[in-house]
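Worksheet: the structure to be examined is printed underneath.
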Amino acid sequence: MFADAGSVVVTHNLGLTVAEMEDLRGRLRKEGGAFKVVKNRLALKALEAEEGSGYHGLFKGPVGIAYAENPGTAAKVATEFAKANDRFKIIGGFMGETVVDQKGVEALAKLPTLDEVRAQLIGLLNAPATKVAGVLQAPAGQLARVFNAYATKEAA
């Protein structure tokens with residue numbers, strides 16, 4: 001599970017109702033992610049975390065993890081959910097070997113998703129072509145107006 005995840009957000013979810021947990025899971029599932037409650041010792045073993053590593057600070061107390069293949073997805077959904085629910089706290093997260101705190105997760109949530117970046121890139125590539133077409137058409141339009149002006153002047 002950790003190997004396939006682009007990012008993992010570690011949370012404390014003590015006091016959430018079953019309906020709230022299902023709401024969170026549904027939001028993550030809709031975006032291609034998932035949420036699981038994990039045992040700290042097993043999670044650290046799966047991560048092959050050495051004693052004293054940054055992972056050990058994250059896995060304390062009742063922990064749940066939100067993860068998705070797209071690095072920003074889990075962070076965005078978890079951050080939005082945390083704003084609406086006081087009992088849901090983001091502790092931190094990690095992307096591969098890089099461990100981040102709560103502020104790092106919030107910064108990751110503000111980054112555009114892969115689809116948004118693709119749309120921006122297509123827009124950037126499309127804009128110069130549109131401008132080139134406009135520039136190429138402008139001189140022809142100006143010439144047509146000049147010829148029309150001469151034609152109207154001579155006819156008068």
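Residues are referred to by chain and number: the chain letter is A, B, ... according to the order shown in the structure tokens, the number counts from 1 in that chain, and ligands are numbered separately from 1 in the order shown.
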(request) Could you pull out the residues in chain A that DSSP calls alpha helix (DSSP H) from the backbone, as JSON, numbers by chain? (result) {"A": [18, 19, 20, 21, 22, 23, 24, 25, 26, 27, 28, 29, 30, 40, 41, 42, 43, 44, 45, 46, 47, 54, 55, 56, 57, 58, 73, 74, 75, 76, 77, 78, 79, 80, 81, 82, 83, 84, 102, 103, 104, 105, 106, 107, 108, 109, 110, 114, 115, 116, 117, 118, 119, 120, 121, 122, 123, 124, 125, 126, 127, 128, 129, 130, 131, 132, 133, 134, 135, 136, 137, 138, 139, 140, 141, 142, 143, 144, 145, 146, 147, 148, 149, 150, 151, 152, 153, 154, 155]}
(request) Mind checking which residues fall within 9 Å of Ala74 in chain A, counting only C-alpha atoms, ignoring those fewer than 5 positions away in the same chain, and posting them as a list in words? (result)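 Everything that qualifies: Gly6, Ser7, Val8, Val9, Leu28, Glu31, Gly32, Gly33, Ala34, Phe35, Ala66, Tyr67, Ala68, Glu69, Thr79 and Ala109 of chain A.
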Using N, CA and C atoms, can you export the residues from the last selection as a CSV table (one decimal), in the first residue's frame?
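What landed in selection-v5.csv:
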```csv
chain,number,residue,atom,x,y,z
A,6,GLY,N,1.3,7.8,-3.8
A,6,GLY,CA,2.0,9.0,-4.1
A,6,GLY,C,2.4,9.8,-2.9
A,7,SER,N,1.4,9.9,-2.0
A,7,SER,CA,1.6,10.5,-0.7
A,7,SER,C,0.7,9.8,0.3
A,8,VAL,N,1.1,9.9,1.6
A,8,VAL,CA,0.3,9.4,2.7
A,8,VAL,C,0.1,10.5,3.7
A,9,VAL,N,-1.2,10.7,4.2
A,9,VAL,CA,-1.5,11.7,5.2
A,9,VAL,C,-1.8,10.9,6.5
A,28,LEU,N,-12.6,10.2,-0.5
A,28,LEU,CA,-11.3,9.7,-1.0
A,28,LEU,C,-11.4,8.7,-2.1
A,31,GLU,N,-12.0,10.3,-5.5
A,31,GLU,CA,-10.8,10.9,-6.0
A,31,GLU,C,-9.7,9.9,-6.3
A,32,GLY,N,-9.9,8.6,-6.1
A,32,GLY,CA,-9.0,7.6,-6.3
A,32,GLY,C,-8.1,7.2,-5.1
A,33,GLY,N,-8.5,7.6,-3.9
A,33,GLY,CA,-7.7,7.3,-2.7
A,33,GLY,C,-8.4,6.4,-1.8
A,34,ALA,N,-7.9,6.3,-0.6
A,34,ALA,CA,-8.5,5.4,0.4
A,34,ALA,C,-8.1,5.9,1.8
A,35,PHE,N,-8.8,5.4,2.8
A,35,PHE,CA,-8.5,5.8,4.2
A,35,PHE,C,-8.6,4.5,5.0
A,66,ALA,N,-4.7,8.4,5.2
A,66,ALA,CA,-5.3,8.7,3.9
A,66,ALA,C,-4.2,8.6,2.8
A,67,TYR,N,-4.5,7.9,1.8
A,67,TYR,CA,-3.4,7.8,0.7
A,67,TYR,C,-4.1,7.7,-0.6
A,68,ALA,N,-3.3,8.1,-1.6
A,68,ALA,CA,-3.7,8.1,-3.0
A,68,ALA,C,-2.5,8.0,-3.9
A,69,GLU,N,-2.7,7.6,-5.1
A,69,GLU,CA,-1.6,7.5,-6.1
A,69,GLU,C,-1.1,8.9,-6.5
A,79,THR,N,-7.4,17.6,4.2
A,79,THR,CA,-7.4,19.0,4.6
A,79,THR,C,-8.8,19.6,4.6
A,109,ALA,N,-1.6,20.3,-0.2
A,109,ALA,CA,-3.0,20.3,-0.6
A,109,ALA,C,-3.3,21.5,-1.5
```
(request) Compile the contact shell of Glu97 in chain A as a PyMOL selection string: residues with an atom at most 10 Å away, counting only C-alpha atoms, same-chain residues fewer than 2 positions apart removed. (result) chain A and resi 47+49+54-55+94-95+99-100
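Considering only range 24-143 of chain A, backbone DSSP assigns strand (DSSP E or B) to Gly33, Ala34, Phe35, Lys36, Val37, Val38, Val63, Gly64, Ile65, Ala66, Tyr67, Ala68, Lys89, Ile90, Ile91, Gly92, Gly93, Phe94, Met95, Thr98, Val99, Val100 and Asp101 of chain A.
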How about saving the chosen residues, N, CA and C atoms kept, as a PDB file, in the first residue's frame?
```
ATOM      1  N   GLY A  33      -8.504   7.580  -3.948  1.00  0.00           N
ATOM      2  CA  GLY A  33      -7.709   7.318  -2.746  1.00  0.00           C
ATOM      3  C   GLY A  33      -8.439   6.390  -1.800  1.00  0.00           C
ATOM      4  N   ALA A  34      -7.899   6.278  -0.577  1.00  0.00           N
ATOM      5  CA  ALA A  34      -8.507   5.416   0.433  1.00  0.00           C
ATOM      6  C   ALA A  34      -8.111   5.905   1.814  1.00  0.00           C
ATOM      7  N   PHE A  35      -8.849   5.446   2.828  1.00  0.00           N
ATOM      8  CA  PHE A  35      -8.546   5.770   4.221  1.00  0.00           C
ATOM      9  C   PHE A  35      -8.612   4.486   5.024  1.00  0.00           C
ATOM     10  N   LYS A  36      -7.598   4.271   5.862  1.00  0.00           N
ATOM     11  CA  LYS A  36      -7.575   3.075   6.702  1.00  0.00           C
ATOM     12  C   LYS A  36      -7.078   3.440   8.083  1.00  0.00           C
ATOM     13  N   VAL A  37      -7.652   2.778   9.083  1.00  0.00           N
ATOM     14  CA  VAL A  37      -7.147   2.872  10.442  1.00  0.00           C
ATOM     15  C   VAL A  37      -6.070   1.806  10.561  1.00  0.00           C
ATOM     16  N   VAL A  38      -4.900   2.197  11.084  1.00  0.00           N
ATOM     17  CA  VAL A  38      -3.780   1.263  11.110  1.00  0.00           C
ATOM     18  C   VAL A  38      -3.233   1.092  12.524  1.00  0.00           C
ATOM     19  N   VAL A  63      -4.297   6.199  15.034  1.00  0.00           N
ATOM     20  CA  VAL A  63      -3.867   6.740  13.745  1.00  0.00           C
ATOM     21  C   VAL A  63      -4.666   6.147  12.598  1.00  0.00           C
ATOM     22  N   GLY A  64      -5.007   7.019  11.655  1.00  0.00           N
ATOM     23  CA  GLY A  64      -5.590   6.608  10.398  1.00  0.00           C
ATOM     24  C   GLY A  64      -4.771   7.234   9.282  1.00  0.00           C
ATOM     25  N   ILE A  65      -4.709   6.572   8.148  1.00  0.00           N
ATOM     26  CA  ILE A  65      -3.939   7.121   7.034  1.00  0.00           C
ATOM     27  C   ILE A  65      -4.830   7.288   5.808  1.00  0.00           C
ATOM     28  N   ALA A  66      -4.657   8.419   5.159  1.00  0.00           N
ATOM     29  CA  ALA A  66      -5.315   8.683   3.880  1.00  0.00           C
ATOM     30  C   ALA A  66      -4.223   8.615   2.833  1.00  0.00           C
ATOM     31  N   TYR A  67      -4.465   7.907   1.756  1.00  0.00           N
ATOM     32  CA  TYR A  67      -3.440   7.772   0.729  1.00  0.00           C
ATOM     33  C   TYR A  67      -4.086   7.701  -0.648  1.00  0.00           C
ATOM     34  N   ALA A  68      -3.294   8.095  -1.642  1.00  0.00           N
ATOM     35  CA  ALA A  68      -3.748   8.052  -3.031  1.00  0.00           C
ATOM     36  C   ALA A  68      -2.519   8.004  -3.922  1.00  0.00           C
ATOM     37  N   LYS A  89      -7.832  15.377  13.059  1.00  0.00           N
ATOM     38  CA  LYS A  89      -6.596  16.163  13.092  1.00  0.00           C
ATOM     39  C   LYS A  89      -5.554  15.563  12.155  1.00  0.00           C
ATOM     40  N   ILE A  90      -4.931  16.419  11.387  1.00  0.00           N
ATOM     41  CA  ILE A  90      -3.833  15.982  10.525  1.00  0.00           C
ATOM     42  C   ILE A  90      -2.541  16.112  11.324  1.00  0.00           C
ATOM     43  N   ILE A  91      -1.806  15.016  11.412  1.00  0.00           N
ATOM     44  CA  ILE A  91      -0.553  14.997  12.170  1.00  0.00           C
ATOM     45  C   ILE A  91       0.618  15.329  11.257  1.00  0.00           C
ATOM     46  N   GLY A  92       0.617  14.762  10.087  1.00  0.00           N
ATOM     47  CA  GLY A  92       1.706  14.953   9.127  1.00  0.00           C
ATOM     48  C   GLY A  92       1.506  13.997   7.974  1.00  0.00           C
ATOM     49  N   GLY A  93       2.577  13.719   7.294  1.00  0.00           N
ATOM     50  CA  GLY A  93       2.485  12.800   6.179  1.00  0.00           C
ATOM     51  C   GLY A  93       3.847  12.539   5.583  1.00  0.00           C
ATOM     52  N   PHE A  94       3.855  11.800   4.502  1.00  0.00           N
ATOM     53  CA  PHE A  94       5.123  11.530   3.822  1.00  0.00           C
ATOM     54  C   PHE A  94       4.878  11.185   2.372  1.00  0.00           C
ATOM     55  N   MET A  95       5.911  11.481   1.594  1.00  0.00           N
ATOM     56  CA  MET A  95       5.947  11.132   0.172  1.00  0.00           C
ATOM     57  C   MET A  95       7.268  10.402  -0.027  1.00  0.00           C
ATOM     58  N   THR A  98      10.416  11.317   2.213  1.00  0.00           N
ATOM     59  CA  THR A  98      10.284  12.664   2.760  1.00  0.00           C
ATOM     60  C   THR A  98       9.110  12.736   3.721  1.00  0.00           C
ATOM     61  N   VAL A  99       9.394  13.040   4.988  1.00  0.00           N
ATOM     62  CA  VAL A  99       8.375  13.165   6.016  1.00  0.00           C
ATOM     63  C   VAL A  99       8.085  14.653   6.209  1.00  0.00           C
ATOM     64  N   VAL A 100       6.791  15.022   6.229  1.00  0.00           N
ATOM     65  CA  VAL A 100       6.402  16.418   6.410  1.00  0.00           C
ATOM     66  C   VAL A 100       5.449  16.541   7.599  1.00  0.00           C
ATOM     67  N   ASP A 101       5.390  17.733   8.163  1.00  0.00           N
ATOM     68  CA  ASP A 101       4.480  17.988   9.271  1.00  0.00           C
ATOM     69  C   ASP A 101       3.124  18.449   8.744  1.00  0.00           C
TER      70      ASP A 101
END
```
(message) Quick check, in Å to one decimal: how far apart do CA of Leu44 in chain A and CA of Phe59 in chain A lie?
(response) 7.6 Å
